[in-house]
Amino acid sequence: MAENHAVLRTEDLRKDFRTGEVIVHALRGVTMTVSRGEFLAISGPSGSGKSTLLGLIGGLDTPSSGRVFIDGVDITHLSESALTRIRNEKIGFVFQSFNLIPTLTALENVALPIQFARQRRFDPRRRAREILTLLGLGDRVNHRPAQLSGGEQQRVAIARALANNPPLLLADEPTGNLDTVSSQVVLEALHNVRESTGTTIIVVTHAPHIAAQADRRIILVDGCIAEDALNGAVAQGLQPTSEQAHP
Amino acid sequence: MIERLRFAFAYALRNIVRDRRRAAFTLLSVAVGVASVVALRALGLMLTDALTSNAQAFLRGDLRVTDTGMDGGFVMSIFNSQERSHPFSAENIPAIEAWAAERNIAITFTLNGELMQVAVIGEYGRAGPPALTMSVFVDPAVYPFYDTIRADKPARALLGDLFTTPNAAVLSQRLASQIGAEVGDQVRVGSANVYFTVTGIVPDTAESSLASPQNLLFSFIYLNRAEQSLFGLDDLADRAYLKLPPEVNPQAVEDEIANWPRRSDRQRYSHWSTVSASEVLEENVEIADAISRFVLVLSLVGLVIGGVGIINTMVVAINRRSLEIAVLKTLGLHSLDISLLVLAEAALAGFFGSLLGAVLGMLLSYVARDLGQQAFAIGLPWRPYLDPILIGTALGLVVTLFFSLLPMITAARVRPKLVLREDDVPMLRAGALWTIISFIVLIVGFGLLIDLIVGSYRFARYLRLPPPLTPGITATLGTFIFLAVLFALNWVLVWLLSKLPSFRNANLQLAIRGLATHRTRTAFSLLALIIGMTALSGTLIMTRSINILLYTSISQPLGGNVVILPLSLVQGTVRSRLDSIPAVNGYREIRFPGRLELEAIDGVRDYERWFALARDDAQSSMRRASLNLVLGVNTYGNPPRGQLVAGRFIGPEDAGQAVITIPYLPELEAHGVTIGSQITLRIGGRVQDFEVVGIVAPGPSTGLIPFSLNDSALQVPLDMMPRQNIPFDFVIVDVQPEAVREVMAAVGAIPGVFIFDVAIFDSIISRLMNQMAALPLLVAGLSLFAASALIATTVALATMERRRQIAILKAIGVSRWQALGQLLAENSLVGIAGGVISLLPTLLILALVPALTEGIVHMPLPTDLVILMLALAVLVTIAATLITAWPAATEKPLNALRYE
Ligand SMILES: Nc1ncnc2c1ncn2[C@@H]1O[C@H](COP(=O)(O)OP(=O)(O)O)[C@@H](O)[C@H]1O
Ligand SMILES: [Mg+2]
């Protein structure tokens with residue numbers, strides 16, 4: 001894919017954490033490019049830096065060195081306010097534990113990012129209903145998170161991430177708290193989204209079957225990219241590599 | 001923007017509903033503060049109403065003319081009875097009345113403040129124990145102009161209607177309960193030889209103590225002025241009330257009064273002062289304004305404690321929602337948006353809390369009214385005032401917003417990356433800079449608020465404070481610094497407590513762990529407890545200590561439990577009556593000299609120089625002063641107190657002998673004054689030598705006065721002391737306690753006799769102290785209440801956080817009491833620490849008093865109260881703990897475990 005199509009590019013991304021005397025090198029130089037519309041799976045052992053990488057990409061944290069480009073814009077030196085806008089318009093987040101606002105209904109949760117957009121592009125309630133319907137939750141719009149199953153909650157979270165039609169969707173172990181059936185539903189929802197909106201999706205996951213359904217998979221080990229391969233013909237060959245990463 | 005606001009409020013409202021219990025505590029924190037503002041503000045308004053709504057009613061006339069020579073009524077009348085002349089005498093009154101009639105002015109005279117003894121006459125004509133009371137002779141047909149006095153019994157009867165029969169008496173509530181009188185009873189009043197009938201009982205507030213200060217001390221009785229002659233008081237009066245026709249200018253009348261006829265020959269004491277309704281109004285407006293402002297500032301204490309509660313609960317709430325806030329930030333909410341959410345929540349809590357507080361405050365104002373009536377002895381009107389509700393709600397809202405500044409900043413500073421490490425969310429902090437900034441805003445805001453309430457910005461110029469500091473800001477800053485220091489000390493204390501050995505006791509161990517993990521929060525509740533308890537225990541212990549001190553100073557030196565003041569005519573009758581009562585252990589007659597000077601000791605005239613060396617020594621000057629008191633004594637079986645150092649006491653056999661006993665003083669001993677020495681006294685115009693026959697060391701006295709009447713004065717036989725101005729001797733009787741009432745009734749029945757139960761001093765002093773302590777007590781009570789609300793919130797938060805821990809404990813077979821035990825132990829530790837610390841300032845003051853007064857005053861320590869206060873501190877914390885932790889402890893463990 002051509003460089004100018006890249007929705008995301010990182011350059012030698014490094015992140016150190018200092019806890020007292022100890023310095024943890026969570027990322028030790030990650031360089032990668034993700035094209036528009038791509039479905040990327042990142043896996044790797046616990047503590048390998050997956051969440052850290054996702055956070056840097058999403059502008060939740062600043063790298064120790066290196067740069068992150070989103071739609072060609074370097075976000076590493078943006079002000080907090082500009083970052084907030086990027087998060088609101090360009091990026092959707094999905095987390096392992098759903099993190100819905102418990103006091104708001106599914107519809108209100110989804111409408112939230114639209115209501116707080118600097119420039120409003122959608123009617124919050126109509127848009128929220130649309131996306132929820134797209135994700136198969138048309139009959140659940142007025143339920144509170146506590147009244148929804150885990151899989152449904154995660155689909156609401158995905159809908160919320162897509163509310164402002166961001167070019168990039170970041171999901172950190174979205175199926176980690178779900179059983180296999182629900183996982184599959186959520187995964188299908190993600191695929192649906194990609195097909196109907198063309199959103200680029202980056203999923204951090206432990207589950208081999210999810211990684212297998214992605215276009216491309218990256219395996220992180222100790223803060224470095226150990227493997228970066230397209231799925232399909234080579235998928236079978238890559239499987240053992242990721243298994244080796246878990247001793 | 002509107003939509004964001006709407007969202008913010010909707011979100012806030014749902015958070016309040018979701019987290020009902022915590023929200024309830026925030027509301028309570030606000031409500032307690034607002035309630036204290038509303039109650040005290042309402043009290044201020046009631047006072048203003050009572051004092052200023054009708055100055056004519058307050059003054060009971062357009063003008064009041066008072067005989068200043070008669071001020072102090074009873075005491076003055078004893079000492080001046082022979083030398084004074086009354087402006088409102090039987091001779092002058094007709095002339096004054098004629099003067100008034102000419103000008104169409106209504107005038108009525110009253111005679112106030114003659115002390116009288118009143119007793120109920122029971123079956124077979126036996127009198128009950130008497131009580132001393134102030135008589136108020138009025139013309140019931142017209143008194144009072146402008147005001148109406150209505151009786152409690154018969155309900156709502158007018159004063160005028162109670163005097164339709166001859167020999168009627170109307171008692172104040174306090175007097176009626178003292179002597180056990182009911183309407184219809186016969187009473188003996190003073191020296192009158194007819195009995196009076198009680199026709200009514202009026203509230204104590206009928207005669208305001210602001211107008212007649214004696215009423216603070218004594219109860220009163222209304223009598224008909226037309227019957228004054230029954231008491232040998234002729235047509236005497238000490239006050240005149242004037243009601244002017246509308247067209248007359250009060251000032252002109254005042255000028256004329258200055259030239260009222262005085263037909264008395266001796267004009268020495270004939271002075272009067274005139275007060276007009278407008279002057280009273282001016283004065284009262286000032287008094288009411290000062291008191292209301294003062295009281296309102298006091299109520300801010302409650303608001304501040306409430307504010308600490310707000311910070312406490314909101315910071316915890318935000319900590320509990322930190323992940324949610326981080327998520328909102330990842331969705332693209334700005335820090336300002338987040339602040340708005342917190343602000344909306346604070347505003348809602350402030351609003352609803354204030355409403356709740358307003359309701360509570362109105363209820364509380366009922367209590368405040370009672371205390372206010374006690375403090376000012378004036379009837380206060382109660383009505384649902386709007387103004388305090390508005391002020392209280394506004395203040396509550398403003399203060400809530402001020403205090404939510406810190407939680408707001410804390411929330412705004414939540415980093416969105418928190419979401420990445422969900423299971424390891426750190427304690428949120430606002431950051432040093434922001435904490436300082438929000439404190440500055442808080443101090444400036446609060447300071448300006450105080451300036452506004454007190455109006456102290458007017459004084460800013462005189463105080464010469466550097467520009468940004470107004471008096472209010474300075475005071476607030478000072479308070480905050482003081483509280484900060486106190487807080488730091490508390491923090492250290494909590495840290496020390498958390499290092500206590502646990503003695504392998506599982507509960508104690510968990511309790512100490514709990515303290516260690518929430519040091520800051522615990523230090524906060526300790527601070528609140530200390531503020532509340534210090535105020536309460538300080539007021540109670542100090543009043544009690546002063547009470548005991550005054551009591552022992554006045555009654556202990558007397559050396560008896562009944563004091564009789566018989567006119568000399570009946571002194572013999574009193575003696576024989578006392579001799580006939582077996583319960584009387586003995587008695588002593590004491591005669592005070594009129595003019596008597598110590599001329600020389602052993603011929604030395606400048607004996608004062610003996611004390612000169614230690615002129616700065618307060619004790620020494622007290623000792624010198626004790627030489628100025630010479631008493632004539634006559635002892636009948638009641639032995640003098642004190643320690644005989646040498647020689648003997650004066651006894652009946654010394655009658656007519658020029659003998660004297662002297663107090664033991666080191667200065668006298670140093671100059672060789674001993675048995676056989678000559679004391680030269682100048683009595684009136686006569687000089688006489690007395691031979692020292694005894695030296696008496698003062699008995700131990702804890703009172704204010706380091707000597708007592710019995711043992712420290714120079715004492716000569718009674719008949720060697722010429723009677724001067726006082727027409728009677730004091731008879732101090734030592735009666736077996738259970739027979740005091742019997743003696744009172746028996747001796748009190750003799751006409752021309754005043755008789756006191758010494759306990760009356762105690763009751764007078766107690767009443768005075770209670771009156772003075774009433775307002776501080778109200779404020780102290782409110783702040784303790786606020787403090788316990790704060791403790792309750794802290795415990796509630798701790799419990800919520802430990803829900804899981806409690807559930808796990810119960811799952812492994814721990815009983816609910818054991819599960820509670822840890823929280824109880826933890827908070828008892830806090831309670832004990834708070835109780836002890838809050839006692840320290842008071843105890844320190846008590847301990848410092850002797851040093852500050854050079855050993856003259858020793859404040860007694862009311863141990864029982866100290867223990868009670870300690871117990872109260874522990875009780876308050878335990879109650880707060882139980883109320884809030886009980887539900888968690890009784891919860892089914894499965895519930896809590898599944899919930900998380
Ligand atoms: N805020 C932080 N402070 C200190 N260490 C951190 C922090 N965040 C992550 N780390 C460390 O960085 C490494 C990578 O963490 P993370 O990206 O969460 O791993 P993963 O998501 O792959 O399990 C780990 O060793 C982790 O302990
Ligand atoms: Mg992770």
# chains A, B, ... in the order shown; residues from 1 in each chain; ligands from 1
$ closest_atom_pairs --of "chain A" --to "ligand 1" --cutoff "6 Å" --atoms "only C-alpha atoms and all ligand atoms" --output "tab-separated table"
residue	atom	partner	partner_atom_place_in_ligand_line	distance
A:Phe17	CA	ligand 1	4 (C)	4.8
A:Thr19	CA	ligand 1	4 (C)	5.9
A:Ala26	CA	ligand 1	12 (O)	4.2
A:Ser46	CA	ligand 1	23 (O)	3.7
A:Gly47	CA	ligand 1	19 (O)	3.4
A:Ser48	CA	ligand 1	22 (O)	4.0
A:Gly49	CA	ligand 1	17 (O)	3.2
A:Lys50	CA	ligand 1	22 (O)	3.7
A:Ser51	CA	ligand 1	21 (O)	3.7
A:Thr52	CA	ligand 1	17 (O)	3.7
$ residues_near_ligand --ligand "ligand 2" --cutoff "12 Å" --atoms "only C-alpha atoms and all ligand atoms" --output "PyMOL selection string"
(chain A and resi 26+42-55+95-97+171-174+176+203-206+220) or (chain B and resi 417-424)
$ interface_residues --of "chain B" --to "chain A" --cutoff "10 Å" --atoms "only C-alpha atoms" --output "number ranges by chain"
B: 1, 3-4, 7, 10-19, 321, 323-335, 337, 415-422
$ residues_around --residues "B:Pro582" --least-positions-apart "5" --cutoff "12 Å" --atoms "only C-alpha atoms" --output "number ranges by chain"
B: 576-577, 734-736, 739-740, 742-743
$ closest_residue --among "A:Ile158, A:Leu107, A:Gly136, A:Lys15" --to "A:Pro124" --atoms "only C-alpha atoms"
A:Leu107
$ select_by_dssp --residues "stretch 8-239 of chain B" --states "alpha helix (DSSP H)" --output "number ranges by chain"
B: 8-18, 20-52, 55-59, 73-80, 92-102, 173-179
$ select_by_dssp --residues "stretch 63-189 of chain A" --states "strand (DSSP E or B)" --output "PDB file with all heavy atoms, in the first residue's frame"
ATOM      1  N   SER A  65      10.088   8.840  22.997  1.00  0.00           N
ATOM      2  CA  SER A  65      10.644   9.373  21.752  1.00  0.00           C
ATOM      3  C   SER A  65       9.932   8.710  20.588  1.00  0.00           C
ATOM      4  O   SER A  65       9.179   7.762  20.772  1.00  0.00           O
ATOM      5  CB  SER A  65      12.156   9.108  21.686  1.00  0.00           C
ATOM      6  OG  SER A  65      12.380   7.728  21.466  1.00  0.00           O
ATOM      7  N   GLY A  66      10.160   9.224  19.397  1.00  0.00           N
ATOM      8  CA  GLY A  66       9.470   8.690  18.231  1.00  0.00           C
ATOM      9  C   GLY A  66       8.222   9.490  17.945  1.00  0.00           C
ATOM     10  O   GLY A  66       7.860  10.397  18.719  1.00  0.00           O
ATOM     11  N   ARG A  67       7.567   9.189  16.816  1.00  0.00           N
ATOM     12  CA  ARG A  67       6.427   9.987  16.427  1.00  0.00           C
ATOM     13  C   ARG A  67       5.267   9.127  15.963  1.00  0.00           C
ATOM     14  O   ARG A  67       5.432   8.007  15.524  1.00  0.00           O
ATOM     15  CB  ARG A  67       6.829  10.943  15.296  1.00  0.00           C
ATOM     16  CG  ARG A  67       7.984  11.851  15.777  1.00  0.00           C
ATOM     17  CD  ARG A  67       8.003  13.140  15.069  1.00  0.00           C
ATOM     18  NE  ARG A  67       8.628  13.052  13.777  1.00  0.00           N
ATOM     19  CZ  ARG A  67       8.703  14.108  12.958  1.00  0.00           C
ATOM     20  NH1 ARG A  67       8.148  15.256  13.301  1.00  0.00           N
ATOM     21  NH2 ARG A  67       9.301  13.981  11.793  1.00  0.00           N
ATOM     22  N   VAL A  68       4.054   9.710  16.105  1.00  0.00           N
ATOM     23  CA  VAL A  68       2.832   9.047  15.654  1.00  0.00           C
ATOM     24  C   VAL A  68       2.143   9.983  14.674  1.00  0.00           C
ATOM     25  O   VAL A  68       1.927  11.154  14.993  1.00  0.00           O
ATOM     26  CB  VAL A  68       1.879   8.752  16.830  1.00  0.00           C
ATOM     27  CG1 VAL A  68       0.593   8.125  16.331  1.00  0.00           C
ATOM     28  CG2 VAL A  68       2.557   7.852  17.858  1.00  0.00           C
ATOM     29  N   PHE A  69       1.850   9.498  13.466  1.00  0.00           N
ATOM     30  CA  PHE A  69       1.101  10.296  12.490  1.00  0.00           C
ATOM     31  C   PHE A  69      -0.272   9.693  12.317  1.00  0.00           C
ATOM     32  O   PHE A  69      -0.404   8.508  12.057  1.00  0.00           O
ATOM     33  CB  PHE A  69       1.803  10.322  11.131  1.00  0.00           C
ATOM     34  CG  PHE A  69       3.157  10.984  11.181  1.00  0.00           C
ATOM     35  CD1 PHE A  69       4.305  10.245  11.445  1.00  0.00           C
ATOM     36  CD2 PHE A  69       3.290  12.358  10.953  1.00  0.00           C
ATOM     37  CE1 PHE A  69       5.548  10.848  11.508  1.00  0.00           C
ATOM     38  CE2 PHE A  69       4.530  12.966  11.011  1.00  0.00           C
ATOM     39  CZ  PHE A  69       5.669  12.215  11.283  1.00  0.00           C
ATOM     40  N   ILE A  70      -1.297  10.524  12.432  1.00  0.00           N
ATOM     41  CA  ILE A  70      -2.647  10.067  12.120  1.00  0.00           C
ATOM     42  C   ILE A  70      -3.159  10.924  10.987  1.00  0.00           C
ATOM     43  O   ILE A  70      -3.169  12.163  11.097  1.00  0.00           O
ATOM     44  CB  ILE A  70      -3.560  10.159  13.350  1.00  0.00           C
ATOM     45  CG1 ILE A  70      -3.098   9.105  14.371  1.00  0.00           C
ATOM     46  CG2 ILE A  70      -5.017   9.947  12.948  1.00  0.00           C
ATOM     47  CD1 ILE A  70      -3.929   8.943  15.566  1.00  0.00           C
ATOM     48  N   VAL A  73      -0.924  13.662  10.235  1.00  0.00           N
ATOM     49  CA  VAL A  73      -0.646  14.697  11.237  1.00  0.00           C
ATOM     50  C   VAL A  73       0.142  14.090  12.393  1.00  0.00           C
ATOM     51  O   VAL A  73      -0.247  13.050  12.943  1.00  0.00           O
ATOM     52  CB  VAL A  73      -1.959  15.298  11.765  1.00  0.00           C
ATOM     53  CG1 VAL A  73      -1.671  16.355  12.814  1.00  0.00           C
ATOM     54  CG2 VAL A  73      -2.788  15.844  10.625  1.00  0.00           C
ATOM     55  N   ASP A  74       1.259  14.738  12.762  1.00  0.00           N
ATOM     56  CA  ASP A  74       2.051  14.278  13.906  1.00  0.00           C
ATOM     57  C   ASP A  74       1.330  14.683  15.188  1.00  0.00           C
ATOM     58  O   ASP A  74       1.141  15.869  15.463  1.00  0.00           O
ATOM     59  CB  ASP A  74       3.437  14.932  13.856  1.00  0.00           C
ATOM     60  CG  ASP A  74       4.304  14.460  15.014  1.00  0.00           C
ATOM     61  OD1 ASP A  74       3.822  13.633  15.830  1.00  0.00           O
ATOM     62  OD2 ASP A  74       5.456  14.931  15.102  1.00  0.00           O
ATOM     63  N   ILE A  91     -10.589   9.114  16.251  1.00  0.00           N
ATOM     64  CA  ILE A  91     -10.310   7.825  16.866  1.00  0.00           C
ATOM     65  C   ILE A  91     -11.493   7.349  17.690  1.00  0.00           C
ATOM     66  O   ILE A  91     -12.158   8.125  18.364  1.00  0.00           O
ATOM     67  CB  ILE A  91      -9.062   7.922  17.786  1.00  0.00           C
ATOM     68  CG1 ILE A  91      -7.839   8.310  16.942  1.00  0.00           C
ATOM     69  CG2 ILE A  91      -8.797   6.604  18.504  1.00  0.00           C
ATOM     70  CD1 ILE A  91      -6.676   8.772  17.742  1.00  0.00           C
ATOM     71  N   GLY A  92     -11.758   6.048  17.593  1.00  0.00           N
ATOM     72  CA  GLY A  92     -12.732   5.436  18.482  1.00  0.00           C
ATOM     73  C   GLY A  92     -12.042   4.404  19.343  1.00  0.00           C
ATOM     74  O   GLY A  92     -11.176   3.678  18.854  1.00  0.00           O
ATOM     75  N   PHE A  93     -12.386   4.388  20.646  1.00  0.00           N
ATOM     76  CA  PHE A  93     -11.759   3.430  21.557  1.00  0.00           C
ATOM     77  C   PHE A  93     -12.767   2.382  22.025  1.00  0.00           C
ATOM     78  O   PHE A  93     -13.910   2.700  22.317  1.00  0.00           O
ATOM     79  CB  PHE A  93     -11.229   4.130  22.809  1.00  0.00           C
ATOM     80  CG  PHE A  93      -9.973   4.908  22.576  1.00  0.00           C
ATOM     81  CD1 PHE A  93     -10.020   6.271  22.332  1.00  0.00           C
ATOM     82  CD2 PHE A  93      -8.739   4.273  22.608  1.00  0.00           C
ATOM     83  CE1 PHE A  93      -8.859   6.991  22.135  1.00  0.00           C
ATOM     84  CE2 PHE A  93      -7.573   4.991  22.413  1.00  0.00           C
ATOM     85  CZ  PHE A  93      -7.630   6.356  22.169  1.00  0.00           C
ATOM     86  N   VAL A  94     -12.283   1.140  22.118  1.00  0.00           N
ATOM     87  CA  VAL A  94     -13.086   0.072  22.722  1.00  0.00           C
ATOM     88  C   VAL A  94     -12.185  -0.638  23.718  1.00  0.00           C
ATOM     89  O   VAL A  94     -11.018  -0.899  23.419  1.00  0.00           O
ATOM     90  CB  VAL A  94     -13.596  -0.926  21.651  1.00  0.00           C
ATOM     91  CG1 VAL A  94     -14.340  -2.073  22.314  1.00  0.00           C
ATOM     92  CG2 VAL A  94     -14.488  -0.214  20.646  1.00  0.00           C
ATOM     93  N   LEU A 168     -10.270   5.709  12.424  1.00  0.00           N
ATOM     94  CA  LEU A 168      -9.470   4.705  13.125  1.00  0.00           C
ATOM     95  C   LEU A 168     -10.199   4.209  14.360  1.00  0.00           C
ATOM     96  O   LEU A 168     -10.652   5.002  15.189  1.00  0.00           O
ATOM     97  CB  LEU A 168      -8.130   5.341  13.522  1.00  0.00           C
ATOM     98  CG  LEU A 168      -7.034   4.439  14.071  1.00  0.00           C
ATOM     99  CD1 LEU A 168      -6.699   3.317  13.097  1.00  0.00           C
ATOM    100  CD2 LEU A 168      -5.795   5.274  14.370  1.00  0.00           C
ATOM    101  N   LEU A 169     -10.335   2.868  14.471  1.00  0.00           N
ATOM    102  CA  LEU A 169     -10.955   2.284  15.660  1.00  0.00           C
ATOM    103  C   LEU A 169      -9.908   1.460  16.387  1.00  0.00           C
ATOM    104  O   LEU A 169      -9.288   0.589  15.792  1.00  0.00           O
ATOM    105  CB  LEU A 169     -12.131   1.385  15.258  1.00  0.00           C
ATOM    106  CG  LEU A 169     -12.900   0.764  16.411  1.00  0.00           C
ATOM    107  CD1 LEU A 169     -13.915   1.739  16.949  1.00  0.00           C
ATOM    108  CD2 LEU A 169     -13.590  -0.525  15.982  1.00  0.00           C
ATOM    109  N   LEU A 170      -9.693   1.779  17.687  1.00  0.00           N
ATOM    110  CA  LEU A 170      -8.698   1.061  18.474  1.00  0.00           C
ATOM    111  C   LEU A 170      -9.416   0.225  19.525  1.00  0.00           C
ATOM    112  O   LEU A 170     -10.239   0.746  20.271  1.00  0.00           O
ATOM    113  CB  LEU A 170      -7.746   2.037  19.167  1.00  0.00           C
ATOM    114  CG  LEU A 170      -7.027   3.040  18.250  1.00  0.00           C
ATOM    115  CD1 LEU A 170      -6.180   4.001  19.077  1.00  0.00           C
ATOM    116  CD2 LEU A 170      -6.150   2.300  17.244  1.00  0.00           C
ATOM    117  N   ALA A 171      -9.116  -1.074  19.583  1.00  0.00           N
ATOM    118  CA  ALA A 171      -9.789  -1.932  20.561  1.00  0.00           C
ATOM    119  C   ALA A 171      -8.740  -2.715  21.338  1.00  0.00           C
ATOM    120  O   ALA A 171      -7.926  -3.411  20.755  1.00  0.00           O
ATOM    121  CB  ALA A 171     -10.753  -2.879  19.852  1.00  0.00           C
ATOM    122  N   ASP A 172      -8.763  -2.564  22.676  1.00  0.00           N
ATOM    123  CA  ASP A 172      -7.786  -3.261  23.523  1.00  0.00           C
ATOM    124  C   ASP A 172      -8.460  -4.477  24.148  1.00  0.00           C
ATOM    125  O   ASP A 172      -9.267  -4.346  25.064  1.00  0.00           O
ATOM    126  CB  ASP A 172      -7.273  -2.311  24.610  1.00  0.00           C
ATOM    127  CG  ASP A 172      -6.040  -2.871  25.319  1.00  0.00           C
ATOM    128  OD1 ASP A 172      -5.665  -4.027  25.033  1.00  0.00           O
ATOM    129  OD2 ASP A 172      -5.471  -2.154  26.158  1.00  0.00           O
TER     130      ASP A 172
END
